[in-house]
$ cat entry.txt   # compact mmCIF, C-alpha atoms and all ligand atoms
# COMPACT_ATOMS: atom_id res chain seq x y z
CA MET A 1 30.17 -5.27 11.83
CA SER A 2 32.10 -7.43 9.37
CA ASN A 3 33.40 -7.19 5.86
CA THR A 4 32.24 -10.56 4.57
CA THR A 5 29.60 -10.14 1.92
CA LYS A 6 26.10 -11.04 3.02
CA SER A 7 23.19 -10.81 0.74
CA LYS A 8 20.09 -8.90 1.66
CA VAL A 9 18.82 -6.62 4.42
CA ALA A 10 15.35 -5.09 4.86
CA LEU A 11 15.50 -1.54 6.18
CA ALA A 12 12.67 0.35 7.88
CA PHE A 13 12.64 3.21 5.42
CA SER A 14 11.11 6.68 5.65
CA GLY A 15 13.35 8.65 3.33
CA GLY A 16 14.49 10.87 6.22
CA LEU A 17 18.14 11.56 7.02
CA ASP A 18 18.66 8.59 9.36
CA THR A 19 17.26 5.89 7.12
CA THR A 20 18.85 7.43 4.02
CA VAL A 21 22.39 7.28 5.41
CA CYS A 22 21.68 3.73 6.57
CA VAL A 23 21.52 2.56 2.94
CA PRO A 24 25.22 3.06 2.02
CA LEU A 25 26.29 2.20 5.57
CA LEU A 26 24.61 -1.20 5.41
CA LYS A 27 26.65 -1.93 2.30
CA GLU A 28 29.97 -0.29 3.21
CA GLU A 29 30.11 -0.97 6.93
CA TYR A 30 28.04 -4.11 7.28
CA GLY A 31 28.88 -5.78 3.96
CA TYR A 32 25.38 -6.27 2.58
CA ASP A 33 24.91 -6.60 -1.21
CA GLU A 34 21.39 -5.42 -1.34
CA VAL A 35 19.18 -3.17 0.75
CA VAL A 36 15.41 -3.22 0.36
CA GLY A 37 13.44 -0.38 1.91
CA VAL A 38 10.14 -1.10 3.61
CA THR A 39 7.68 1.69 4.32
CA VAL A 40 4.60 0.85 6.34
CA ASP A 41 1.46 2.90 5.96
CA VAL A 42 -0.08 3.63 9.36
CA GLY A 43 -1.78 6.79 8.14
CA GLN A 44 1.12 9.14 7.44
CA PRO A 45 0.39 12.03 5.07
CA ALA A 46 0.79 11.28 1.35
CA GLU A 47 3.85 13.58 1.05
CA GLU A 48 5.82 11.24 3.28
CA PHE A 49 5.36 8.38 0.84
CA ASP A 50 6.28 10.60 -2.10
CA GLU A 51 9.42 11.65 -0.27
CA ALA A 52 10.32 8.05 0.58
CA ASP A 53 9.71 7.08 -3.04
CA GLU A 54 11.88 9.83 -4.49
CA THR A 55 14.70 9.18 -2.07
CA ALA A 56 14.61 5.44 -2.69
CA GLU A 57 14.72 5.98 -6.42
CA ALA A 58 17.68 8.33 -6.16
CA LEU A 59 19.45 5.77 -3.95
CA GLY A 60 18.59 2.95 -6.31
CA VAL A 61 16.85 1.02 -3.55
CA ASP A 62 13.86 -1.25 -4.14
CA THR A 63 11.03 -0.40 -1.80
CA PHE A 64 7.94 -2.09 -0.54
CA VAL A 65 4.96 -0.20 0.83
CA VAL A 66 2.76 -2.17 3.19
CA ASP A 67 -0.70 -0.86 3.99
CA ALA A 68 -1.25 -1.55 7.70
CA LYS A 69 -3.78 1.22 8.34
CA ALA A 70 -6.71 -1.07 9.12
CA GLU A 71 -4.68 -3.23 11.46
CA PHE A 72 -3.25 -0.17 13.19
CA ALA A 73 -6.70 1.40 13.60
CA ASP A 74 -7.95 -1.83 15.18
CA LEU A 75 -5.13 -1.64 17.72
CA CYS A 76 -5.97 2.01 18.42
CA PHE A 77 -9.56 0.96 19.15
CA ASP A 78 -8.28 -1.71 21.56
CA ALA A 79 -6.48 1.20 23.20
CA VAL A 80 -9.81 3.05 23.51
CA ARG A 81 -11.28 0.07 25.38
CA ALA A 82 -8.30 0.34 27.74
CA ASN A 83 -8.68 4.16 28.10
CA ALA A 84 -5.01 4.12 27.16
CA ASP A 85 -2.62 6.98 27.64
CA TYR A 86 0.93 7.35 28.91
CA GLN A 87 1.46 10.41 31.09
CA GLY A 88 -1.35 12.04 29.10
CA TYR A 89 -0.20 11.00 25.60
CA PRO A 90 -2.54 8.60 23.77
CA LEU A 91 0.37 6.47 22.53
CA GLY A 92 0.16 7.01 18.76
CA THR A 93 3.85 6.44 18.02
CA ALA A 94 4.11 3.62 20.54
CA LEU A 95 1.12 1.69 19.19
CA ALA A 96 2.32 2.00 15.60
CA ARG A 97 5.78 0.52 16.17
CA PRO A 98 4.91 -3.16 16.70
CA VAL A 99 2.61 -3.01 13.68
CA ILE A 100 5.37 -1.47 11.54
CA ALA A 101 8.01 -3.86 12.88
CA GLN A 102 5.89 -6.92 12.15
CA ALA A 103 5.09 -5.74 8.61
CA ILE A 104 8.80 -5.18 7.90
CA LEU A 105 9.70 -8.57 9.33
CA ASP A 106 7.06 -10.22 7.12
CA VAL A 107 8.53 -8.56 4.00
CA ALA A 108 12.07 -9.46 5.08
CA ILE A 109 11.15 -13.13 5.42
CA GLU A 110 9.14 -13.13 2.19
CA GLU A 111 12.06 -11.54 0.33
CA GLY A 112 14.61 -13.94 1.76
CA CYS A 113 16.54 -11.29 3.69
CA ASP A 114 19.25 -12.21 6.22
CA ALA A 115 18.73 -9.14 8.36
CA VAL A 116 16.44 -6.31 9.34
CA ALA A 117 17.64 -2.79 10.12
CA HIS A 118 16.28 0.45 11.55
CA GLY A 119 17.59 4.00 11.71
CA CYS A 120 16.76 4.68 15.35
CA THR A 121 19.26 6.26 17.70
CA GLY A 122 20.33 4.74 20.99
CA LYS A 123 18.40 7.28 23.03
CA GLY A 124 14.77 6.80 22.12
CA ASN A 125 12.01 4.29 22.62
CA ASP A 126 11.61 3.13 19.04
CA GLN A 127 14.80 1.01 18.94
CA LEU A 128 13.36 -1.03 21.81
CA ARG A 129 9.91 -1.32 20.27
CA PHE A 130 11.25 -2.48 16.88
CA GLU A 131 13.69 -4.95 18.32
CA ALA A 132 11.15 -6.42 20.74
CA VAL A 133 9.41 -7.74 17.62
CA TRP A 134 12.42 -8.48 15.42
CA ARG A 135 14.49 -10.36 17.97
CA GLY A 136 11.76 -12.99 18.07
CA SER A 137 12.94 -14.04 14.58
CA ASP A 138 16.18 -15.64 13.42
CA LEU A 139 17.20 -12.63 11.35
CA GLU A 140 20.13 -10.45 12.27
CA VAL A 141 19.08 -7.10 13.74
CA ILE A 142 21.09 -4.05 12.74
CA ALA A 143 20.91 -0.53 14.15
CA PRO A 144 23.61 1.42 12.27
CA ILE A 145 23.03 4.84 13.84
CA ARG A 146 23.23 3.44 17.34
CA GLU A 147 25.94 0.87 16.71
CA LEU A 148 28.25 3.29 14.89
CA GLY A 149 27.51 6.04 17.42
CA LEU A 150 26.49 8.55 14.74
CA THR A 151 25.40 12.10 15.39
CA ARG A 152 23.10 14.20 13.27
CA ASP A 153 25.95 16.47 12.22
CA TRP A 154 28.03 13.50 11.16
CA GLU A 155 25.09 12.18 9.12
CA VAL A 156 24.53 15.52 7.39
CA GLU A 157 28.21 15.68 6.42
CA TYR A 158 28.27 12.04 5.31
CA ALA A 159 25.16 12.60 3.18
CA ALA A 160 26.78 15.62 1.53
CA GLU A 161 30.03 13.74 0.84
CA HIS A 162 28.15 10.79 -0.63
CA ASP A 163 25.78 13.00 -2.55
CA LEU A 164 22.80 11.39 -0.84
CA PRO A 165 19.33 12.72 -1.61
CA VAL A 166 18.42 14.21 1.78
CA ASP A 167 16.30 17.21 2.69
CA GLY A 168 13.63 16.58 0.11
CA GLY A 169 10.85 18.39 1.92
CA ASN A 170 11.70 17.06 5.37
CA GLY A 171 14.04 19.94 6.05
CA GLY A 172 11.80 21.64 8.61
CA ASP A 173 12.93 22.52 12.09
CA TRP A 174 11.01 19.84 13.90
CA SER A 175 11.25 16.10 14.06
CA ILE A 176 7.76 14.87 13.30
CA ASP A 177 6.11 11.48 13.55
CA THR A 178 2.61 11.22 12.16
CA ASN A 179 0.10 8.40 12.01
CA LEU A 180 -3.67 7.96 12.26
CA TRP A 181 -3.69 8.28 16.05
CA SER A 182 -1.36 11.21 16.68
CA ARG A 183 1.10 13.69 15.32
CA SER A 184 4.20 14.22 17.43
CA VAL A 185 6.51 17.21 17.14
CA GLU A 186 9.85 17.39 18.91
CA GLY A 187 13.42 18.61 18.61
CA ASP A 188 15.25 21.87 17.89
CA ALA A 189 13.91 24.84 19.87
CA LEU A 190 11.22 22.60 21.43
CA GLU A 191 13.97 20.77 23.33
CA ASP A 192 13.97 23.70 25.74
CA PRO A 193 11.10 22.77 28.09
CA ASN A 194 10.47 26.45 28.70
CA TYR A 195 10.21 27.40 25.02
CA VAL A 196 6.60 28.26 24.21
CA PRO A 197 5.71 26.56 20.90
CA PRO A 198 4.53 28.78 18.06
CA GLU A 199 1.06 28.01 16.62
CA ASP A 200 2.66 26.73 13.44
CA ILE A 201 3.89 23.50 15.01
CA TYR A 202 0.25 22.39 14.86
CA GLU A 203 -1.20 20.97 11.69
CA TRP A 204 -4.15 18.92 12.86
CA THR A 205 -5.58 21.31 15.43
CA ALA A 206 -6.84 24.81 14.72
CA THR A 207 -6.31 27.58 17.25
CA PRO A 208 -8.79 26.78 20.05
CA GLY A 209 -11.74 29.14 20.17
CA ASP A 210 -11.83 29.92 16.46
CA ALA A 211 -14.67 27.50 15.63
CA GLU A 212 -18.34 27.54 16.69
CA THR A 213 -19.25 25.10 19.47
CA GLU A 214 -20.38 21.75 18.09
CA LEU A 215 -22.08 18.60 19.41
CA VAL A 216 -21.00 15.18 18.14
CA GLU A 217 -22.62 11.84 18.97
CA LEU A 218 -20.44 8.73 19.16
CA THR A 219 -21.81 5.20 19.26
CA PHE A 220 -19.97 2.33 20.96
CA GLU A 221 -20.51 -1.40 20.75
CA GLU A 222 -18.79 -3.43 23.44
CA GLY A 223 -16.41 -0.54 23.98
CA TYR A 224 -15.50 -0.17 20.30
CA PRO A 225 -16.44 3.06 18.53
CA VAL A 226 -18.71 2.16 15.59
CA ALA A 227 -20.55 5.29 14.45
CA LEU A 228 -20.26 9.06 14.33
CA ASN A 229 -23.47 11.12 14.40
CA GLY A 230 -25.40 7.94 13.64
CA GLU A 231 -23.34 7.06 10.58
CA GLU A 232 -21.52 3.73 10.79
CA MET A 233 -17.85 3.88 9.89
CA ASP A 234 -14.88 1.54 9.99
CA PRO A 235 -12.08 2.42 12.44
CA VAL A 236 -9.90 4.15 9.83
CA GLU A 237 -12.70 6.32 8.45
CA LEU A 238 -14.08 7.12 11.88
CA THR A 239 -10.67 8.19 13.16
CA GLU A 240 -9.89 10.30 10.09
CA THR A 241 -13.31 11.99 10.18
CA LEU A 242 -13.03 12.72 13.87
CA ASN A 243 -9.47 14.06 13.52
CA ASP A 244 -10.92 16.68 11.17
CA LEU A 245 -14.01 17.40 13.23
CA ALA A 246 -12.36 17.68 16.64
CA GLY A 247 -9.22 19.21 15.12
CA LYS A 248 -11.25 22.21 13.89
CA HIS A 249 -11.98 23.01 17.53
CA GLY A 250 -8.36 22.69 18.63
CA VAL A 251 -9.20 19.57 20.64
CA GLY A 252 -6.35 17.22 21.59
CA ARG A 253 -3.14 19.13 22.12
CA THR A 254 -0.57 17.88 24.64
CA ASP A 255 2.65 19.66 25.62
CA MET A 256 4.48 17.48 28.10
CA MET A 257 7.64 16.19 29.66
CA GLU A 258 7.70 12.51 28.77
CA ASP A 259 9.71 9.90 30.64
CA ARG A 260 11.23 7.57 28.09
CA MET A 261 11.95 3.92 28.74
CA LEU A 262 15.67 4.49 29.25
CA GLY A 263 14.87 7.13 31.84
CA LEU A 264 15.64 10.19 29.74
CA LYS A 265 13.03 12.89 29.84
CA VAL A 266 11.98 14.46 26.57
CA ARG A 267 9.78 17.45 25.81
CA GLU A 268 7.05 16.35 23.44
CA ASN A 269 4.22 18.07 21.69
CA TYR A 270 1.35 16.01 20.39
CA GLU A 271 -1.88 16.50 18.47
CA HIS A 272 -4.53 13.79 18.72
CA PRO A 273 -8.04 15.16 18.20
CA ALA A 274 -9.80 11.86 17.40
CA ALA A 275 -8.00 9.98 20.16
CA THR A 276 -8.99 12.59 22.75
CA ALA A 277 -12.61 12.58 21.60
CA LEU A 278 -12.89 8.78 21.55
CA LEU A 279 -11.13 8.29 24.88
CA THR A 280 -13.26 10.98 26.54
CA ALA A 281 -16.49 9.51 25.18
CA HIS A 282 -15.53 5.94 26.03
CA GLU A 283 -14.72 6.79 29.60
CA ALA A 284 -18.00 8.68 29.90
CA LEU A 285 -19.93 5.62 28.74
CA GLU A 286 -18.05 3.42 31.21
CA GLY A 287 -19.08 5.92 33.88
CA LEU A 288 -22.72 5.21 33.11
CA VAL A 289 -22.45 1.45 32.74
CA LEU A 290 -19.74 0.00 34.97
CA THR A 291 -20.05 -0.46 38.71
CA ALA A 292 -17.89 1.62 41.02
CA GLU A 293 -15.68 -1.36 41.82
CA GLU A 294 -15.25 -2.27 38.16
CA ARG A 295 -14.25 1.31 37.35
CA GLN A 296 -11.79 1.41 40.20
CA PHE A 297 -10.12 -1.89 39.37
CA LYS A 298 -10.16 -1.17 35.64
CA GLN A 299 -8.04 1.93 36.22
CA GLN A 300 -5.23 -0.35 37.33
CA VAL A 301 -5.74 -2.70 34.40
CA ASP A 302 -5.83 0.24 31.99
CA ALA A 303 -2.63 1.69 33.47
CA GLN A 304 -0.82 -1.65 32.97
CA TRP A 305 -2.14 -1.96 29.42
CA SER A 306 -0.91 1.57 28.67
CA GLN A 307 2.52 0.90 30.16
CA LYS A 308 3.01 -2.22 28.02
CA ALA A 309 1.77 -0.31 24.95
CA TYR A 310 4.30 2.44 25.66
CA GLU A 311 7.00 -0.20 25.80
CA GLY A 312 5.91 -1.57 22.43
CA LEU A 313 4.87 -4.83 24.09
CA VAL A 314 1.21 -5.16 23.10
CA MET A 315 2.02 -8.79 22.24
CA ALA A 316 3.06 -9.59 25.82
CA PRO A 317 1.10 -12.38 27.56
CA LEU A 318 0.22 -9.88 30.29
CA VAL A 319 -1.62 -7.77 27.71
CA ASP A 320 -3.69 -10.79 26.65
CA ALA A 321 -4.62 -11.41 30.25
CA LEU A 322 -5.50 -7.76 30.85
CA GLU A 323 -7.63 -7.83 27.71
CA GLY A 324 -9.54 -10.77 29.13
CA PHE A 325 -10.66 -8.55 31.99
CA ILE A 326 -11.25 -5.60 29.69
CA ALA A 327 -13.38 -7.69 27.30
CA THR A 328 -15.65 -8.84 30.13
CA THR A 329 -16.27 -5.28 31.28
CA GLN A 330 -16.81 -4.06 27.72
CA GLU A 331 -19.70 -6.49 27.07
CA ARG A 332 -21.94 -3.78 28.52
CA VAL A 333 -20.13 -0.71 27.16
CA THR A 334 -22.65 -0.25 24.37
CA GLY A 335 -24.49 3.00 23.82
CA THR A 336 -23.98 6.59 22.76
CA VAL A 337 -22.18 9.61 24.13
CA THR A 338 -22.69 13.19 23.07
CA LEU A 339 -19.55 15.33 23.19
CA LYS A 340 -19.34 19.09 23.10
CA PHE A 341 -16.34 20.56 21.26
CA GLU A 342 -15.72 24.00 22.57
CA GLY A 343 -12.62 26.17 22.59
CA GLY A 344 -10.04 23.36 22.51
CA GLN A 345 -12.05 21.32 24.98
CA CYS A 346 -14.07 18.20 24.52
CA ARG A 347 -16.59 17.31 27.22
CA PRO A 348 -19.21 14.61 27.52
CA VAL A 349 -22.62 16.30 27.76
CA GLY A 350 -24.90 13.27 27.30
CA ARG A 351 -24.73 9.49 27.55
CA ASP A 352 -27.20 6.67 27.00
CA SER A 353 -27.03 2.88 27.31
CA GLU A 354 -29.42 0.00 27.79
CA PHE A 355 -26.85 -1.35 30.28
CA ALA A 356 -26.79 1.75 32.50
CA THR A 357 -26.06 0.88 36.14
CA TYR A 358 -28.20 3.82 37.01
CA SER A 359 -31.72 4.33 38.22
CA GLU A 360 -33.07 7.80 37.75
CA SER A 361 -35.80 7.18 40.31
CA ALA A 362 -33.31 5.85 42.87
CA ALA A 363 -31.09 8.90 42.51
CA SER A 364 -33.99 11.34 42.39
CA PHE A 365 -35.19 13.38 45.37
CA ASP A 366 -38.79 12.94 44.26
CA THR A 367 -39.40 9.25 44.90
CA GLU A 368 -40.07 7.72 48.29
CA THR A 369 -39.23 4.03 47.89
CA VAL A 370 -37.10 2.35 45.25
CA ASP A 371 -36.51 -1.39 45.12
CA GLY A 372 -38.06 -1.57 48.60
CA ILE A 373 -35.50 0.88 50.01
CA ALA A 374 -36.68 4.07 51.66
CA GLN A 375 -34.71 7.16 52.63
CA GLU A 376 -34.83 6.25 56.35
CA ASP A 377 -33.00 3.00 55.60
CA ALA A 378 -29.82 5.01 55.25
CA THR A 379 -29.98 6.00 58.94
CA GLY A 380 -28.26 2.81 60.12
CA VAL A 381 -25.55 3.21 57.51
CA ALA A 382 -25.05 6.83 58.51
CA LYS A 383 -24.67 5.84 62.17
CA TYR A 384 -21.95 3.34 61.36
CA HIS A 385 -20.12 5.51 58.83
CA GLY A 386 -16.85 6.78 60.30
CA PHE A 387 -17.26 4.58 63.42
CA GLN A 388 -13.62 3.45 63.50
CA THR A 389 -12.38 6.96 62.85
CA ARG A 390 -14.36 8.24 65.81
CA LEU A 391 -13.06 5.46 68.08
CA ALA A 392 -9.46 6.00 67.01
CA ASN A 393 -9.61 9.76 67.47
CA LYS A 394 -11.25 9.43 70.86
CA ALA A 395 -8.48 7.08 72.00
CA LYS A 396 -5.85 9.53 70.75
CA GLU A 397 -7.55 12.39 72.57
CA ALA A 398 -7.76 10.38 75.80
CA THR A 399 -4.04 9.51 75.72
CA LYS A 400 -3.17 13.16 75.16
CA GLN A 401 -5.20 14.21 78.18
CA THR A 402 -3.61 11.55 80.37
CA THR A 403 -0.11 12.62 79.34
CA GLU A 404 -0.82 16.30 79.92
CA ALA A 405 -2.17 15.45 83.38
CA LEU A 406 1.22 14.00 84.46
CA PRO A 407 3.19 16.25 86.91
CA ASP A 408 6.06 16.91 84.46
CA GLY A 409 3.60 17.51 81.60
CA GLY A 410 4.70 14.26 80.00
CA SER A 411 8.23 15.45 79.18
CA GLU A 412 10.70 12.61 78.99
CA GLN A 413 13.46 14.04 81.18
N1 LIG B 501 8.34 10.09 22.39
C1 LIG B 501 7.27 9.48 21.71
C2 LIG B 501 7.23 8.00 21.97
O1 LIG B 501 8.24 7.45 22.26
C3 LIG B 501 7.14 9.79 20.24
C4 LIG B 501 8.34 10.24 19.48
C5 LIG B 501 7.99 10.54 18.07
N2 LIG B 501 9.09 10.91 17.26
C6 LIG B 501 9.28 12.11 16.67
N3 LIG B 501 10.27 12.24 15.88
N4 LIG B 501 8.50 13.10 16.87
O2 LIG B 501 6.22 7.35 21.88

$ encode --input "entry.txt" --output "structure tokens" --more "lines below"
Ligand code: ARG
Amino acid sequence: MSNTTKSKVALAFSGGLDTTVCVPLLKEEYGYDEVVGVTVDVGQPAEEFDEADETAEALGVDTFVVDAKAEFADLCFDAVRANADYQGYPLGTALARPVIAQAILDVAIEEGCDAVAHGCTGKGNDQLRFEAVWRGSDLEVIAPIRELGLTRDWEVEYAAEHDLPVDGGNGGDWSIDTNLWSRSVEGDALEDPNYVPPEDIYEWTATPGDAETELVELTFEEGYPVALNGEEMDPVELTETLNDLAGKHGVGRTDMMEDRMLGLKVRENYEHPAATALLTAHEALEGLVLTAEERQFKQQVDAQWSQKAYEGLVMAPLVDALEGFIATTQERVTGTVTLKFEGGQCRPVGRDSEFATYSESAASFDTETVDGIAQEDATGVAKYHGFQTRLANKAKEATKQTTEALPDGGSEQ
């Protein structure tokens, strides 16, 4: 922090308490003349933009809104190809951060800013995800809340003293982060891991069991979702439509203890109807198409992809390399999957692909010979199966008998 006057800083701006107090702080404490707010659209609800707009106007801050929905949805569909989740959470917040960070950096450079700033605290993941992108540039990176060690109470008081426009609609109990892929709810009473969340924390998912069972058909091309019930849609439209459809059935709720990057555990609640449906369907199609060894090895690749995504490092060279493997496997992940939405659950109930590694006649009990192989051919395999186990156990048994046969019963004394 210094008191020399610098010119311009681009702030990741949401209009919430943290980013609102950052505006005067960047001027007073960091000596910047001008703050520009950048809001990146990754599918937040319209009210959030209205709120950001109103707050920015009241603060006298120029804002830029960048539409990154399409780019974000593309990344979410890469995540589908990687069956990506972190401890059961489909990574909505995590995937959005590099996209948001890059968009802000682009504006900052375009606008001739000297610095970029965010309102993240020093406890969460987002500070790391933003800065992983920003620190690749020459701009100064500022994190006022973390660097000044601010608490929420301090911020509330500061906002009141400075007559800052906070609490414009975001005054609810929960801390919420919404984008196309997921809605996350945390904080307040939910911080007690044993507190049972009331139904009203959910906005995307209806109470499971309220809707009639429904079948939905999803079409994939090379692992990418391309159509819903036969109708082709782009990734944004498909995700939005499926969030509604699956959400009606209460599909895609997660209540979990999440291990953050710094090691802190946090109790999180998520809603992600479309993500759950797409991930379930994609994995079902892989089950039909990929060989056993591909599926087994891909689990490790997928887990690594997910870990890097959680860390906000989808631009890491490792991710490129993993995607090379993923792309090769996905060449055959083309076909359809029928899902059944039922009482908060989503299950694959049908799958079809021209690349199926499956022969109905081979698996059937009704055919005698398939591909020149008859039932009796398994006899040799069956004789060998477990051979080493039998040998090892026999040897163990024999040693035991020898020891017991010793005069002192084998005791060491
Ligand atoms: N813990 C999650 C993550 O790091 C998401 C946090 C979202 N933030 C919120 N205010 N609900 O990916």

$ residues_near_ligand --input "entry.txt" --ligand "ligand LIG 501 (chain B)" --cutoff "9 Å" --atoms "all atoms listed in the file" --output "ChimeraX atom specification"
/A:86,89,91-95,97,124-126,174-178,183-187,258-261,266-270,310-312

$ closest_residue --input "entry.txt" --among "A:Thr219, A:Asn83, A:Thr213, A:Gln330" --to "A:Ala303" --atoms "all atoms listed in the file"
A:Asn83

$ closest_atom_pairs --input "entry.txt" --of "stretch 247-339 of chain A" --to "stretch 193-206 of chain A" --cutoff "10 Å" --atoms "only C-alpha atoms" --output "CSV"
residue,atom,partner,partner_atom,distance
A:Gly247,CA,A:Thr205,CA,4.2
A:Lys248,CA,A:Ala206,CA,5.2
A:His249,CA,A:Ala206,CA,6.1
A:Gly250,CA,A:Thr205,CA,4.5
A:Val251,CA,A:Thr205,CA,6.6
A:Gly252,CA,A:Thr205,CA,7.4
A:Arg253,CA,A:Thr205,CA,7.4
A:Asp255,CA,A:Pro197,CA,8.9
A:Met256,CA,A:Pro193,CA,8.5
A:Met257,CA,A:Pro193,CA,7.6
A:Val266,CA,A:Pro193,CA,8.5
A:Arg267,CA,A:Pro193,CA,5.9
A:Glu268,CA,A:Pro193,CA,8.9
A:Asn269,CA,A:Ile201,CA,8.6
A:Tyr270,CA,A:Tyr202,CA,8.5
A:Glu271,CA,A:Trp204,CA,6.5
A:His272,CA,A:Trp204,CA,7.8
A:Pro273,CA,A:Thr205,CA,7.2

$ atom_distance --input "entry.txt" --atom1 "atom CA of A:Cys22" --atom2 "atom CA of A:Trp181"
27.5 Å

$ residues_near_point --input "entry.txt" --point "(15.6, 3.6, 6.8)" --cutoff "9 Å" --atoms "only C-alpha atoms" --output "list in words"
Ala10, Leu11, Ala12, Phe13, Ser14, Gly15, Gly16, Leu17, Asp18, Thr19, Thr20, Val21, Cys22, Val23, Gly37, Val38, Thr39, Ala117, His118, Gly119 and Cys120 of chain A

$ atom_distance --input "entry.txt" --atom1 "atom CA of A:Ala52" --atom2 "atom CA of A:Ile104"
15.2 Å

$ residues_around --input "entry.txt" --residues "A:Phe325" --least-positions-apart "5" --cutoff "10 Å" --atoms "only C-alpha atoms" --output "JSON, numbers by chain"
{"A": [294, 297, 298, 301, 320, 330]}

$ closest_residue --input "entry.txt" --among "A:Pro225, A:Gly372, A:Pro165, A:Gly230" --to "A:Cys76" --atoms "all atoms listed in the file"
A:Pro225

$ closest_atom_pairs --input "entry.txt" --of "stretch 18-116 of chain A" --to "stretch 331-345 of chain A" --cutoff "12 Å" --atoms "all atoms listed in the file" --output "JSON lines"
{"residue": "A:Val80", "atom": "CA", "partner": "A:Val333", "partner_atom": "CA", "distance": 11.6}
{"residue": "A:Arg81", "atom": "CA", "partner": "A:Val333", "partner_atom": "CA", "distance": 9.1}
{"residue": "A:Ala82", "atom": "CA", "partner": "A:Val333", "partner_atom": "CA", "distance": 11.9}

$ atom_distance --input "entry.txt" --atom1 "atom CA of A:Ala103" --atom2 "atom CA of A:Ala68"
7.7 Å

$ residues_around --input "entry.txt" --residues "A:Ala101" --least-positions-apart "5" --cutoff "9 Å" --atoms "all atoms listed in the file" --output "list of chain:residue names"
A:Ala12, A:Val40, A:Ala96, A:Asp106, A:Arg129, A:Phe130, A:Glu131, A:Ala132, A:Val133, A:Trp134

$ write_last_selection --input "entry.txt" --atoms "C-alpha atoms" --output "PDB file, keeping the file's coordinate frame"
ATOM      1  CA  ALA A  12      12.670   0.350   7.880  1.00  0.00           C
ATOM      2  CA  VAL A  40       4.600   0.850   6.340  1.00  0.00           C
ATOM      3  CA  ALA A  96       2.320   2.000  15.600  1.00  0.00           C
ATOM      4  CA  ASP A 106       7.060 -10.220   7.120  1.00  0.00           C
ATOM      5  CA  ARG A 129       9.910  -1.320  20.270  1.00  0.00           C
ATOM      6  CA  PHE A 130      11.250  -2.480  16.880  1.00  0.00           C
ATOM      7  CA  GLU A 131      13.690  -4.950  18.320  1.00  0.00           C
ATOM      8  CA  ALA A 132      11.150  -6.420  20.740  1.00  0.00           C
ATOM      9  CA  VAL A 133       9.410  -7.740  17.620  1.00  0.00           C
ATOM     10  CA  TRP A 134      12.420  -8.480  15.420  1.00  0.00           C
TER      11      TRP A 134
END

$ residues_around --input "entry.txt" --residues "A:Leu150" --least-positions-apart "3" --cutoff "12 Å" --atoms "all atoms listed in the file" --output "compact mmCIF listing (two decimals) with C-alpha atoms, keeping the file's coordinate frame"
# COMPACT_ATOMS: atom_id res chain seq x y z
CA LEU A 17 18.14 11.56 7.02
CA ASP A 18 18.66 8.59 9.36
CA VAL A 21 22.39 7.28 5.41
CA CYS A 22 21.68 3.73 6.57
CA LEU A 25 26.29 2.20 5.57
CA GLY A 119 17.59 4.00 11.71
CA CYS A 120 16.76 4.68 15.35
CA THR A 121 19.26 6.26 17.70
CA GLY A 122 20.33 4.74 20.99
CA LYS A 123 18.40 7.28 23.03
CA ALA A 143 20.91 -0.53 14.15
CA PRO A 144 23.61 1.42 12.27
CA ILE A 145 23.03 4.84 13.84
CA ARG A 146 23.23 3.44 17.34
CA GLU A 147 25.94 0.87 16.71
CA ASP A 153 25.95 16.47 12.22
CA TRP A 154 28.03 13.50 11.16
CA GLU A 155 25.09 12.18 9.12
CA VAL A 156 24.53 15.52 7.39
CA GLU A 157 28.21 15.68 6.42
CA TYR A 158 28.27 12.04 5.31

$ closest_residue --input "entry.txt" --among "A:Ala321, A:Leu391, A:Ala227, A:Leu148" --to "A:Leu278" --atoms "all atoms listed in the file"
A:Ala227

$ closest_residue --input "entry.txt" --among "A:Asp188, A:Glu222, A:Asp173, A:Asp210" --to "A:Ser353" --atoms "all atoms listed in the file"
A:Glu222

$ closest_residue --input "entry.txt" --among "A:Pro348, A:Gly60, A:Pro24, A:Pro98" --to "A:Val314" --atoms "all atoms listed in the file"
A:Pro98

$ closest_residue --input "entry.txt" --among "A:Ala327, A:Leu313, A:Leu26, A:Ala159" --to "A:Tyr224" --atoms "all atoms listed in the file"
A:Ala327
